[in-house]
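Reproduced below: entry20.txt, with compact mmCIF, N, CA and C atoms.
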```txt
# COMPACT_ATOMS: atom_id res chain seq x y z
N MET A 118 3.13 15.53 10.19
CA MET A 118 2.29 15.11 9.09
C MET A 118 1.15 14.26 9.67
N PRO A 119 -0.07 14.48 9.21
CA PRO A 119 -1.20 13.70 9.73
C PRO A 119 -1.04 12.21 9.41
N VAL A 120 -1.50 11.38 10.32
CA VAL A 120 -1.40 9.94 10.14
C VAL A 120 -2.13 9.51 8.86
N GLN A 121 -3.26 10.14 8.59
CA GLN A 121 -4.01 9.79 7.38
C GLN A 121 -3.15 9.96 6.13
N ALA A 122 -2.40 11.04 6.07
CA ALA A 122 -1.55 11.29 4.90
C ALA A 122 -0.42 10.26 4.82
N LYS A 123 0.15 9.90 5.96
CA LYS A 123 1.20 8.88 5.97
C LYS A 123 0.66 7.55 5.45
N LEU A 124 -0.53 7.19 5.92
CA LEU A 124 -1.13 5.92 5.49
C LEU A 124 -1.47 5.94 4.00
N ALA A 125 -2.04 7.03 3.53
CA ALA A 125 -2.37 7.14 2.10
C ALA A 125 -1.10 7.06 1.25
N ALA A 126 -0.04 7.72 1.70
CA ALA A 126 1.23 7.66 0.96
C ALA A 126 1.80 6.25 0.94
N ALA A 127 1.70 5.55 2.06
CA ALA A 127 2.22 4.18 2.13
C ALA A 127 1.41 3.25 1.22
N TRP A 128 0.09 3.37 1.23
CA TRP A 128 -0.74 2.54 0.36
C TRP A 128 -0.47 2.87 -1.11
N THR A 129 -0.22 4.14 -1.41
CA THR A 129 0.12 4.53 -2.78
C THR A 129 1.43 3.89 -3.21
N SER A 130 2.43 3.95 -2.34
CA SER A 130 3.72 3.32 -2.63
C SER A 130 3.56 1.83 -2.86
N LEU A 131 2.78 1.18 -2.00
CA LEU A 131 2.56 -0.26 -2.15
C LEU A 131 1.89 -0.57 -3.48
N MET A 132 0.89 0.23 -3.84
CA MET A 132 0.19 -0.01 -5.09
C MET A 132 1.15 0.09 -6.28
N PHE A 133 2.00 1.12 -6.28
CA PHE A 133 2.96 1.26 -7.38
C PHE A 133 3.96 0.11 -7.40
N PHE A 134 4.40 -0.33 -6.25
CA PHE A 134 5.32 -1.47 -6.21
C PHE A 134 4.66 -2.70 -6.83
N ILE A 135 3.44 -2.97 -6.46
CA ILE A 135 2.75 -4.15 -6.99
C ILE A 135 2.64 -4.06 -8.51
N ILE A 136 2.24 -2.90 -9.00
CA ILE A 136 2.09 -2.74 -10.45
C ILE A 136 3.43 -2.92 -11.17
N TYR A 137 4.47 -2.27 -10.65
CA TYR A 137 5.76 -2.35 -11.33
C TYR A 137 6.40 -3.74 -11.21
N ILE A 138 6.22 -4.39 -10.11
CA ILE A 138 6.77 -5.74 -9.97
C ILE A 138 6.10 -6.68 -10.98
N ASP A 139 4.79 -6.52 -11.15
CA ASP A 139 4.10 -7.33 -12.16
C ASP A 139 4.55 -6.96 -13.56
N TYR A 140 4.80 -5.68 -13.80
CA TYR A 140 5.29 -5.25 -15.10
C TYR A 140 6.67 -5.84 -15.38
N PHE A 141 7.58 -5.75 -14.42
CA PHE A 141 8.93 -6.29 -14.61
C PHE A 141 8.91 -7.81 -14.76
N HIS A 142 7.87 -8.45 -14.24
CA HIS A 142 7.71 -9.89 -14.41
C HIS A 142 7.65 -10.27 -15.89
N LEU A 143 7.13 -9.36 -16.71
CA LEU A 143 7.02 -9.61 -18.15
C LEU A 143 8.38 -9.76 -18.83
N TYR A 144 9.44 -9.26 -18.20
CA TYR A 144 10.78 -9.34 -18.77
C TYR A 144 11.43 -10.71 -18.56
N GLN A 145 10.82 -11.56 -17.78
CA GLN A 145 11.37 -12.89 -17.58
C GLN A 145 11.15 -13.70 -18.86
N PRO A 146 12.14 -14.46 -19.26
CA PRO A 146 12.03 -15.22 -20.51
C PRO A 146 10.79 -16.12 -20.54
N GLY A 147 10.06 -16.03 -21.63
CA GLY A 147 8.90 -16.90 -21.85
C GLY A 147 7.59 -16.39 -21.27
N GLU A 148 7.61 -15.34 -20.47
CA GLU A 148 6.37 -14.88 -19.82
C GLU A 148 5.36 -14.34 -20.81
N ILE A 149 5.81 -13.56 -21.77
CA ILE A 149 4.88 -13.00 -22.74
C ILE A 149 4.28 -14.12 -23.60
N ASP A 150 5.10 -15.10 -23.95
CA ASP A 150 4.59 -16.25 -24.71
C ASP A 150 3.54 -17.00 -23.89
N ASP A 151 3.79 -17.18 -22.59
CA ASP A 151 2.81 -17.85 -21.72
C ASP A 151 1.50 -17.06 -21.68
N ILE A 152 1.60 -15.75 -21.55
CA ILE A 152 0.39 -14.92 -21.50
C ILE A 152 -0.38 -15.03 -22.81
N ARG A 153 0.33 -15.02 -23.92
CA ARG A 153 -0.34 -15.16 -25.23
C ARG A 153 -1.03 -16.51 -25.37
N SER A 154 -0.48 -17.52 -24.69
CA SER A 154 -1.11 -18.84 -24.76
C SER A 154 -2.19 -19.03 -23.69
N GLY A 155 -2.44 -17.98 -22.89
CA GLY A 155 -3.53 -18.05 -21.91
C GLY A 155 -3.11 -18.51 -20.54
N VAL A 156 -1.83 -18.40 -20.23
CA VAL A 156 -1.33 -18.84 -18.92
C VAL A 156 -0.64 -17.66 -18.24
N ILE A 157 -1.05 -17.37 -17.00
CA ILE A 157 -0.44 -16.29 -16.23
C ILE A 157 -0.03 -16.86 -14.88
N PHE A 158 1.25 -16.75 -14.56
CA PHE A 158 1.79 -17.30 -13.31
C PHE A 158 1.46 -18.79 -13.17
N GLY A 159 1.44 -19.49 -14.28
CA GLY A 159 1.16 -20.92 -14.27
C GLY A 159 -0.32 -21.27 -14.14
N LEU A 160 -1.19 -20.28 -14.18
CA LEU A 160 -2.63 -20.49 -14.05
C LEU A 160 -3.31 -20.12 -15.36
N ASP A 161 -4.39 -20.81 -15.67
CA ASP A 161 -5.15 -20.48 -16.88
C ASP A 161 -5.79 -19.11 -16.70
N SER A 162 -5.55 -18.23 -17.67
CA SER A 162 -6.17 -16.90 -17.57
C SER A 162 -7.64 -17.02 -17.91
N GLY A 163 -8.40 -16.13 -17.37
CA GLY A 163 -9.84 -16.11 -17.59
C GLY A 163 -10.45 -15.10 -16.65
N GLY A 164 -11.75 -15.04 -16.66
CA GLY A 164 -12.47 -14.07 -15.84
C GLY A 164 -12.18 -14.17 -14.35
N ASN A 165 -12.10 -15.40 -13.86
CA ASN A 165 -11.85 -15.58 -12.42
C ASN A 165 -10.47 -15.08 -12.02
N LEU A 166 -9.46 -15.42 -12.80
CA LEU A 166 -8.10 -14.99 -12.48
C LEU A 166 -7.99 -13.47 -12.61
N MET A 167 -8.60 -12.90 -13.63
CA MET A 167 -8.57 -11.45 -13.79
C MET A 167 -9.30 -10.76 -12.64
N SER A 168 -10.37 -11.36 -12.14
CA SER A 168 -11.07 -10.79 -10.98
C SER A 168 -10.20 -10.82 -9.74
N ILE A 169 -9.45 -11.89 -9.56
CA ILE A 169 -8.51 -11.98 -8.42
C ILE A 169 -7.45 -10.90 -8.55
N PHE A 170 -6.90 -10.72 -9.74
CA PHE A 170 -5.89 -9.68 -9.96
C PHE A 170 -6.48 -8.30 -9.67
N PHE A 171 -7.73 -8.09 -10.08
CA PHE A 171 -8.39 -6.82 -9.82
C PHE A 171 -8.49 -6.56 -8.31
N VAL A 172 -8.91 -7.56 -7.56
CA VAL A 172 -9.05 -7.39 -6.11
C VAL A 172 -7.69 -7.10 -5.47
N ILE A 173 -6.65 -7.78 -5.95
CA ILE A 173 -5.31 -7.58 -5.38
C ILE A 173 -4.86 -6.13 -5.54
N ILE A 174 -5.14 -5.51 -6.66
CA ILE A 174 -4.72 -4.12 -6.86
C ILE A 174 -5.78 -3.13 -6.36
N ALA A 175 -7.04 -3.55 -6.29
CA ALA A 175 -8.09 -2.65 -5.81
C ALA A 175 -7.95 -2.37 -4.31
N ILE A 176 -7.44 -3.32 -3.56
CA ILE A 176 -7.32 -3.13 -2.11
C ILE A 176 -6.44 -1.93 -1.77
N PRO A 177 -5.18 -1.87 -2.22
CA PRO A 177 -4.40 -0.68 -1.88
C PRO A 177 -4.96 0.60 -2.50
N THR A 178 -5.58 0.47 -3.68
CA THR A 178 -6.17 1.65 -4.32
C THR A 178 -7.29 2.22 -3.46
N LEU A 179 -8.17 1.37 -2.98
CA LEU A 179 -9.25 1.83 -2.11
C LEU A 179 -8.73 2.31 -0.76
N MET A 180 -7.67 1.69 -0.27
CA MET A 180 -7.13 2.10 1.02
C MET A 180 -6.53 3.51 0.97
N ILE A 181 -6.08 3.95 -0.20
CA ILE A 181 -5.60 5.33 -0.33
C ILE A 181 -6.75 6.28 0.00
N MET A 182 -7.88 6.06 -0.64
CA MET A 182 -9.04 6.91 -0.42
C MET A 182 -9.57 6.77 1.01
N LEU A 183 -9.71 5.53 1.47
CA LEU A 183 -10.26 5.32 2.81
C LEU A 183 -9.36 5.90 3.90
N SER A 184 -8.05 5.84 3.70
CA SER A 184 -7.13 6.39 4.70
C SER A 184 -7.28 7.90 4.84
N MET A 185 -7.71 8.54 3.80
CA MET A 185 -7.88 10.00 3.85
C MET A 185 -9.29 10.43 4.25
N THR A 186 -10.27 9.53 4.18
CA THR A 186 -11.66 9.95 4.37
C THR A 186 -12.36 9.36 5.59
N LEU A 187 -11.92 8.21 6.06
CA LEU A 187 -12.61 7.59 7.20
C LEU A 187 -12.32 8.34 8.49
N PRO A 188 -13.26 8.31 9.43
CA PRO A 188 -12.98 8.88 10.75
C PRO A 188 -11.82 8.13 11.41
N ALA A 189 -11.12 8.80 12.30
CA ALA A 189 -9.87 8.28 12.88
C ALA A 189 -10.01 6.86 13.45
N ARG A 190 -10.98 6.61 14.28
CA ARG A 190 -11.11 5.29 14.93
C ARG A 190 -11.35 4.19 13.89
N VAL A 191 -12.27 4.42 12.98
CA VAL A 191 -12.58 3.44 11.93
C VAL A 191 -11.38 3.28 11.01
N ASN A 192 -10.72 4.38 10.70
CA ASN A 192 -9.56 4.38 9.84
C ASN A 192 -8.45 3.51 10.43
N ARG A 193 -8.20 3.69 11.71
CA ARG A 193 -7.15 2.92 12.40
C ARG A 193 -7.44 1.43 12.31
N VAL A 194 -8.66 1.04 12.65
CA VAL A 194 -9.04 -0.37 12.64
C VAL A 194 -8.99 -0.93 11.22
N THR A 195 -9.50 -0.18 10.26
CA THR A 195 -9.51 -0.64 8.87
C THR A 195 -8.10 -0.88 8.37
N ASN A 196 -7.19 0.04 8.65
CA ASN A 196 -5.80 -0.12 8.21
C ASN A 196 -5.14 -1.32 8.90
N LEU A 197 -5.41 -1.50 10.17
CA LEU A 197 -4.82 -2.65 10.88
C LEU A 197 -5.32 -3.97 10.30
N VAL A 198 -6.62 -4.07 10.07
CA VAL A 198 -7.20 -5.31 9.57
C VAL A 198 -6.75 -5.59 8.13
N VAL A 199 -6.89 -4.59 7.26
CA VAL A 199 -6.57 -4.81 5.85
C VAL A 199 -5.08 -5.10 5.66
N ALA A 200 -4.22 -4.34 6.32
CA ALA A 200 -2.77 -4.58 6.19
C ALA A 200 -2.40 -5.95 6.74
N SER A 201 -3.02 -6.37 7.83
CA SER A 201 -2.73 -7.70 8.39
C SER A 201 -3.15 -8.82 7.45
N LEU A 202 -4.28 -8.65 6.80
CA LEU A 202 -4.77 -9.67 5.86
C LEU A 202 -4.02 -9.62 4.53
N TYR A 203 -3.50 -8.47 4.17
CA TYR A 203 -2.82 -8.30 2.89
C TYR A 203 -1.38 -8.83 2.94
N SER A 204 -0.77 -8.84 4.10
CA SER A 204 0.63 -9.28 4.24
C SER A 204 0.87 -10.70 3.72
N PRO A 205 0.07 -11.68 4.13
CA PRO A 205 0.31 -13.04 3.62
C PRO A 205 0.18 -13.13 2.10
N LEU A 206 -0.71 -12.34 1.53
CA LEU A 206 -0.88 -12.34 0.07
C LEU A 206 0.41 -11.90 -0.61
N LEU A 207 1.07 -10.90 -0.06
CA LEU A 207 2.33 -10.42 -0.64
C LEU A 207 3.41 -11.50 -0.53
N ILE A 208 3.47 -12.16 0.61
CA ILE A 208 4.50 -13.18 0.84
C ILE A 208 4.26 -14.40 -0.05
N LEU A 209 3.00 -14.69 -0.35
CA LEU A 209 2.68 -15.83 -1.22
C LEU A 209 3.22 -15.67 -2.64
N ASN A 210 3.55 -14.44 -3.02
CA ASN A 210 4.13 -14.23 -4.36
C ASN A 210 5.45 -14.95 -4.52
N PHE A 211 6.10 -15.29 -3.41
CA PHE A 211 7.38 -16.00 -3.48
C PHE A 211 7.20 -17.46 -3.88
N VAL A 212 6.00 -18.01 -3.61
CA VAL A 212 5.72 -19.40 -3.95
C VAL A 212 5.72 -19.55 -5.47
N GLY A 213 6.46 -20.50 -5.96
CA GLY A 213 6.53 -20.75 -7.39
C GLY A 213 7.48 -19.85 -8.14
N ALA A 214 8.21 -19.00 -7.43
CA ALA A 214 9.18 -18.13 -8.10
C ALA A 214 10.34 -18.98 -8.61
N PRO A 215 10.80 -18.72 -9.83
CA PRO A 215 11.95 -19.47 -10.35
C PRO A 215 13.18 -19.22 -9.48
N SER A 216 13.99 -20.24 -9.30
CA SER A 216 15.14 -20.12 -8.40
C SER A 216 16.13 -19.06 -8.86
N ASP A 217 16.26 -18.86 -10.19
CA ASP A 217 17.20 -17.84 -10.66
C ASP A 217 16.68 -16.42 -10.44
N TYR A 218 15.42 -16.27 -10.01
CA TYR A 218 14.85 -14.97 -9.68
C TYR A 218 14.56 -14.85 -8.18
N ALA A 219 15.11 -15.75 -7.39
CA ALA A 219 14.84 -15.74 -5.95
C ALA A 219 15.26 -14.43 -5.30
N PHE A 220 16.43 -13.91 -5.65
CA PHE A 220 16.89 -12.65 -5.06
C PHE A 220 15.94 -11.52 -5.43
N TYR A 221 15.51 -11.46 -6.69
CA TYR A 221 14.58 -10.43 -7.14
C TYR A 221 13.29 -10.48 -6.34
N TYR A 222 12.71 -11.67 -6.21
CA TYR A 222 11.46 -11.79 -5.47
C TYR A 222 11.65 -11.51 -3.98
N ALA A 223 12.76 -11.95 -3.41
CA ALA A 223 13.02 -11.67 -2.00
C ALA A 223 13.15 -10.16 -1.78
N LEU A 224 13.83 -9.50 -2.68
CA LEU A 224 14.03 -8.05 -2.56
C LEU A 224 12.71 -7.30 -2.70
N THR A 225 11.96 -7.61 -3.74
CA THR A 225 10.71 -6.88 -3.98
C THR A 225 9.66 -7.17 -2.92
N ILE A 226 9.53 -8.43 -2.54
CA ILE A 226 8.57 -8.77 -1.49
C ILE A 226 9.01 -8.18 -0.16
N GLY A 227 10.32 -8.16 0.07
CA GLY A 227 10.83 -7.55 1.30
C GLY A 227 10.46 -6.09 1.41
N VAL A 228 10.57 -5.34 0.32
CA VAL A 228 10.19 -3.92 0.33
C VAL A 228 8.68 -3.78 0.56
N GLU A 229 7.90 -4.61 -0.10
CA GLU A 229 6.45 -4.57 0.11
C GLU A 229 6.09 -4.85 1.57
N VAL A 230 6.74 -5.83 2.15
CA VAL A 230 6.46 -6.17 3.55
C VAL A 230 6.88 -5.02 4.47
N LEU A 231 7.97 -4.34 4.16
CA LEU A 231 8.38 -3.18 4.95
C LEU A 231 7.34 -2.06 4.87
N ILE A 232 6.77 -1.85 3.70
CA ILE A 232 5.73 -0.83 3.55
C ILE A 232 4.50 -1.21 4.38
N VAL A 233 4.11 -2.48 4.32
CA VAL A 233 2.95 -2.93 5.11
C VAL A 233 3.27 -2.82 6.61
N ALA A 234 4.50 -3.12 7.00
CA ALA A 234 4.89 -2.96 8.40
C ALA A 234 4.79 -1.50 8.83
N PHE A 235 5.17 -0.58 7.94
CA PHE A 235 5.02 0.85 8.23
C PHE A 235 3.55 1.21 8.41
N ILE A 236 2.69 0.66 7.55
CA ILE A 236 1.25 0.90 7.66
C ILE A 236 0.74 0.39 9.01
N LEU A 237 1.12 -0.83 9.36
CA LEU A 237 0.67 -1.41 10.63
C LEU A 237 1.17 -0.58 11.82
N ARG A 238 2.43 -0.18 11.77
CA ARG A 238 3.00 0.61 12.87
C ARG A 238 2.31 1.97 12.98
N SER A 239 2.09 2.62 11.85
CA SER A 239 1.44 3.93 11.85
C SER A 239 0.02 3.84 12.40
N ALA A 240 -0.71 2.81 11.97
CA ALA A 240 -2.08 2.64 12.46
C ALA A 240 -2.09 2.25 13.93
N TRP A 241 -1.18 1.38 14.33
CA TRP A 241 -1.14 0.91 15.72
C TRP A 241 -0.78 2.04 16.69
N THR A 242 0.16 2.91 16.30
CA THR A 242 0.62 3.98 17.18
C THR A 242 -0.15 5.28 16.97
N TRP A 243 -1.23 5.23 16.22
CA TRP A 243 -2.05 6.41 15.96
C TRP A 243 -2.47 7.01 17.30
N PRO A 244 -2.22 8.29 17.51
CA PRO A 244 -2.61 8.91 18.79
C PRO A 244 -4.11 8.76 19.03
N ARG A 245 -4.48 8.43 20.25
CA ARG A 245 -5.90 8.24 20.56
C ARG A 245 -6.66 9.55 20.47
N ARG A 246 -5.98 10.64 20.82
CA ARG A 246 -6.60 11.96 20.71
C ARG A 246 -5.66 12.82 19.89
N THR A 247 -6.23 13.53 18.97
CA THR A 247 -5.41 14.42 18.16
C THR A 247 -5.83 15.85 18.44
N ALA A 248 -4.89 16.74 18.28
CA ALA A 248 -5.19 18.15 18.49
C ALA A 248 -6.10 18.65 17.38
N SER A 249 -6.97 19.55 17.74
CA SER A 249 -7.85 20.14 16.73
C SER A 249 -7.04 21.08 15.85
N PRO A 250 -7.51 21.36 14.65
CA PRO A 250 -6.78 22.30 13.79
C PRO A 250 -6.56 23.66 14.45
N ALA A 251 -7.52 24.11 15.27
CA ALA A 251 -7.35 25.40 15.95
C ALA A 251 -6.19 25.35 16.93
N THR A 252 -6.05 24.24 17.63
CA THR A 252 -4.94 24.10 18.58
C THR A 252 -3.62 24.06 17.83
N LEU A 253 -3.58 23.35 16.71
CA LEU A 253 -2.36 23.28 15.92
C LEU A 253 -1.99 24.66 15.37
N ALA A 254 -2.98 25.44 14.98
CA ALA A 254 -2.70 26.75 14.42
C ALA A 254 -2.11 27.70 15.45
N ALA A 255 -2.43 27.49 16.71
CA ALA A 255 -1.95 28.38 17.77
C ALA A 255 -0.90 27.69 18.63
N SER A 256 -0.16 26.75 18.05
CA SER A 256 0.85 26.05 18.83
C SER A 256 2.02 26.95 19.14
N LEU A 257 2.94 26.48 19.94
CA LEU A 257 4.08 27.28 20.37
C LEU A 257 5.01 27.63 19.22
N THR A 258 5.03 26.83 18.18
CA THR A 258 5.97 27.08 17.08
C THR A 258 5.40 27.94 15.98
N THR A 259 4.12 28.24 16.03
CA THR A 259 3.52 29.07 15.00
C THR A 259 2.70 30.17 15.64
N GLU A 260 2.56 31.22 14.95
CA GLU A 260 1.74 32.34 15.39
C GLU A 260 0.54 32.42 14.46
N PRO A 261 -0.66 32.42 15.01
CA PRO A 261 -1.82 32.51 14.12
C PRO A 261 -1.84 33.85 13.40
N LEU A 262 -2.40 33.85 12.20
CA LEU A 262 -2.51 35.08 11.44
C LEU A 262 -3.53 35.98 12.11
N ARG A 263 -3.18 37.24 12.22
CA ARG A 263 -4.11 38.21 12.82
C ARG A 263 -4.27 39.38 11.86
N ALA A 264 -5.44 39.91 11.84
CA ALA A 264 -5.68 41.09 11.01
C ALA A 264 -5.01 42.28 11.67
N PRO A 265 -4.43 43.17 10.88
CA PRO A 265 -3.79 44.35 11.48
C PRO A 265 -4.82 45.19 12.21
N GLN A 266 -4.43 45.71 13.35
CA GLN A 266 -5.35 46.54 14.15
C GLN A 266 -5.27 47.97 13.67
N GLN A 267 -6.42 48.59 13.60
CA GLN A 267 -6.47 49.98 13.18
C GLN A 267 -6.59 50.87 14.42
N ALA A 268 -5.95 52.02 14.37
CA ALA A 268 -5.97 52.92 15.52
C ALA A 268 -7.20 53.75 15.61
```
Go through the file and emit its structure as structure tokens.
Amino acid sequence: MPVQAKLAAAWTSLMFFIIYIDYFHLYQPGEIDDIRSGVIFGLDSGGNLMSIFFVIIAIPTLMIMLSMTLPARVNRVTNLVVASLYSPLLILNFVGAPSDYAFYYALTIGVEVLIVAFILRSAWTWPRRTASPATLAASLTTEPLRAPQQA
């Protein structure tokens, strides 16, 4: 499987985890009441907080597209830099977590960190040279399609 596809799949998984973890956060007692009163995660809701939330989810969303479209060298560097900078943000979600939800946050953040580790490993071990599609089509395990010869 191409590295680009692996990276796009990992960023997609991370994005869904972030969305669902935030959704399940609403099931904690009092959270919906806090949101209705203008408080999200103990912070006053408003344009600035919503912009921060947008950036947090926009990063993996954009990385899906960038992982599939950027040239290999730029793609590798972009994934390494963005995943490295995104990791602390994921871990910071544990700060302020209620103690009775510590296992939940440890579990969810742990899975997110594993996905980011996969992204970092995939980008770091990206082959420096990749075979061209023509070489792959004529590899030892496949036979290229040939038109039938006429006599």
Item checked: Pick from A:Tyr144, A:Phe134, A:Phe211, A:Phe158 nearest to Val228 (chain A), counting all atoms listed in the file -> A:Phe134
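For the pair CA of Pro177 (chain A) and CA of Phe133 (chain A), the separation is 9.4 Å.
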Give me, as a compact mmCIF listing (two decimals) with N, CA and C atoms, in the coordinates of the input, all polymer residues having an atom no more than 12 Å from region 193-196 of chain A, counting only C-alpha atoms and skipping those fewer than 5 positions away in the same chain.
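Writing the result to result.txt gives the following:
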```
# COMPACT_ATOMS: atom_id res chain seq x y z
N VAL A 120 -1.50 11.38 10.32
CA VAL A 120 -1.40 9.94 10.14
C VAL A 120 -2.13 9.51 8.86
N GLN A 121 -3.26 10.14 8.59
CA GLN A 121 -4.01 9.79 7.38
C GLN A 121 -3.15 9.96 6.13
N LYS A 123 0.15 9.90 5.96
CA LYS A 123 1.20 8.88 5.97
C LYS A 123 0.66 7.55 5.45
N LEU A 124 -0.53 7.19 5.92
CA LEU A 124 -1.13 5.92 5.49
C LEU A 124 -1.47 5.94 4.00
N ALA A 125 -2.04 7.03 3.53
CA ALA A 125 -2.37 7.14 2.10
C ALA A 125 -1.10 7.06 1.25
N ALA A 127 1.70 5.55 2.06
CA ALA A 127 2.22 4.18 2.13
C ALA A 127 1.41 3.25 1.22
N TRP A 128 0.09 3.37 1.23
CA TRP A 128 -0.74 2.54 0.36
C TRP A 128 -0.47 2.87 -1.11
N ILE A 176 -7.44 -3.32 -3.56
CA ILE A 176 -7.32 -3.13 -2.11
C ILE A 176 -6.44 -1.93 -1.77
N PRO A 177 -5.18 -1.87 -2.22
CA PRO A 177 -4.40 -0.68 -1.88
C PRO A 177 -4.96 0.60 -2.50
N LEU A 179 -8.17 1.37 -2.98
CA LEU A 179 -9.25 1.83 -2.11
C LEU A 179 -8.73 2.31 -0.76
N MET A 180 -7.67 1.69 -0.27
CA MET A 180 -7.13 2.10 1.02
C MET A 180 -6.53 3.51 0.97
N ILE A 181 -6.08 3.95 -0.20
CA ILE A 181 -5.60 5.33 -0.33
C ILE A 181 -6.75 6.28 0.00
N MET A 182 -7.88 6.06 -0.64
CA MET A 182 -9.04 6.91 -0.42
C MET A 182 -9.57 6.77 1.01
N LEU A 183 -9.71 5.53 1.47
CA LEU A 183 -10.26 5.32 2.81
C LEU A 183 -9.36 5.90 3.90
N SER A 184 -8.05 5.84 3.70
CA SER A 184 -7.13 6.39 4.70
C SER A 184 -7.28 7.90 4.84
N MET A 185 -7.71 8.54 3.80
CA MET A 185 -7.88 10.00 3.85
C MET A 185 -9.29 10.43 4.25
N THR A 186 -10.27 9.53 4.18
CA THR A 186 -11.66 9.95 4.37
C THR A 186 -12.36 9.36 5.59
N LEU A 187 -11.92 8.21 6.06
CA LEU A 187 -12.61 7.59 7.20
C LEU A 187 -12.32 8.34 8.49
N PRO A 188 -13.26 8.31 9.43
CA PRO A 188 -12.98 8.88 10.75
C PRO A 188 -11.82 8.13 11.41
N SER A 201 -3.02 -6.37 7.83
CA SER A 201 -2.73 -7.70 8.39
C SER A 201 -3.15 -8.82 7.45
N LEU A 202 -4.28 -8.65 6.80
CA LEU A 202 -4.77 -9.67 5.86
C LEU A 202 -4.02 -9.62 4.53
N TYR A 203 -3.50 -8.47 4.17
CA TYR A 203 -2.82 -8.30 2.89
C TYR A 203 -1.38 -8.83 2.94
N SER A 204 -0.77 -8.84 4.10
CA SER A 204 0.63 -9.28 4.24
C SER A 204 0.87 -10.70 3.72
N VAL A 233 4.11 -2.48 4.32
CA VAL A 233 2.95 -2.93 5.11
C VAL A 233 3.27 -2.82 6.61
N ALA A 234 4.50 -3.12 7.00
CA ALA A 234 4.89 -2.96 8.40
C ALA A 234 4.79 -1.50 8.83
N PHE A 235 5.17 -0.58 7.94
CA PHE A 235 5.02 0.85 8.23
C PHE A 235 3.55 1.21 8.41
N ILE A 236 2.69 0.66 7.55
CA ILE A 236 1.25 0.90 7.66
C ILE A 236 0.74 0.39 9.01
N LEU A 237 1.12 -0.83 9.36
CA LEU A 237 0.67 -1.41 10.63
C LEU A 237 1.17 -0.58 11.82
N ARG A 238 2.43 -0.18 11.77
CA ARG A 238 3.00 0.61 12.87
C ARG A 238 2.31 1.97 12.98
N SER A 239 2.09 2.62 11.85
CA SER A 239 1.44 3.93 11.85
C SER A 239 0.02 3.84 12.40
N ALA A 240 -0.71 2.81 11.97
CA ALA A 240 -2.08 2.64 12.46
C ALA A 240 -2.09 2.25 13.93
N TRP A 241 -1.18 1.38 14.33
CA TRP A 241 -1.14 0.91 15.72
C TRP A 241 -0.78 2.04 16.69
N THR A 242 0.16 2.91 16.30
CA THR A 242 0.62 3.98 17.18
C THR A 242 -0.15 5.28 16.97
N TRP A 243 -1.23 5.23 16.22
CA TRP A 243 -2.05 6.41 15.96
C TRP A 243 -2.47 7.01 17.30
N PRO A 244 -2.22 8.29 17.51
CA PRO A 244 -2.61 8.91 18.79
C PRO A 244 -4.11 8.76 19.03
N ARG A 245 -4.48 8.43 20.25
CA ARG A 245 -5.90 8.24 20.56
C ARG A 245 -6.66 9.55 20.47
```
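Atom N of Ala200 (chain A) sits 24.3 Å away from atom N of Asn165 (chain A).
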Note to self: Set the distance at 12 Å and use only C-alpha atoms: which residues neighbour Gln145 (chain A) once local chain neighbours fewer than 5 positions away are removed? I'd like the list as a PyMOL selection string.
What the structure shows: chain A and resi 138-140+150-152+158+214-215+217-218+221
Item checked: Two-atom distance - atom N of Gly147 (chain A), atom N of Gly159 (chain A) (Å) -> 11.8 Å
Next item on the list: Pick out each residue of chain A that DSSP on the backbone tags as strand (DSSP E); I need them as a PyMOL selection string.
Entry: chain A and resi 156-157+160-161
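In this comparison, which uses all atoms listed in the file, the residue of A:Leu207, A:Leu143, A:Val212, A:Leu160 approaching Ile226 (chain A) most closely is A:Leu207.
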Notebook entry, point to check: Where in region 181-218 of chain A does DSSP assign helix (DSSP H, G or I), given as JSON, numbers by chain?
Noted result: {"A": [181, 182, 183, 184, 185, 186, 189, 190, 191, 192, 193, 194, 195, 196, 197, 198, 199, 200, 201, 202, 203, 204, 205, 206, 207, 208, 209, 210, 211, 216, 217, 218]}
Please put the answer as AutoDock Vina command-line options: centre and edge lengths, in Å with one decimal, of a box along x, y and z that encloses all listed atoms of region 154-167 of chain A plus 3 Å on each side.
```
--center_x -5.3 --center_y -16.0 --center_z -18.4 --size_x 20.3 --size_y 16.5 --size_z 18.7
```
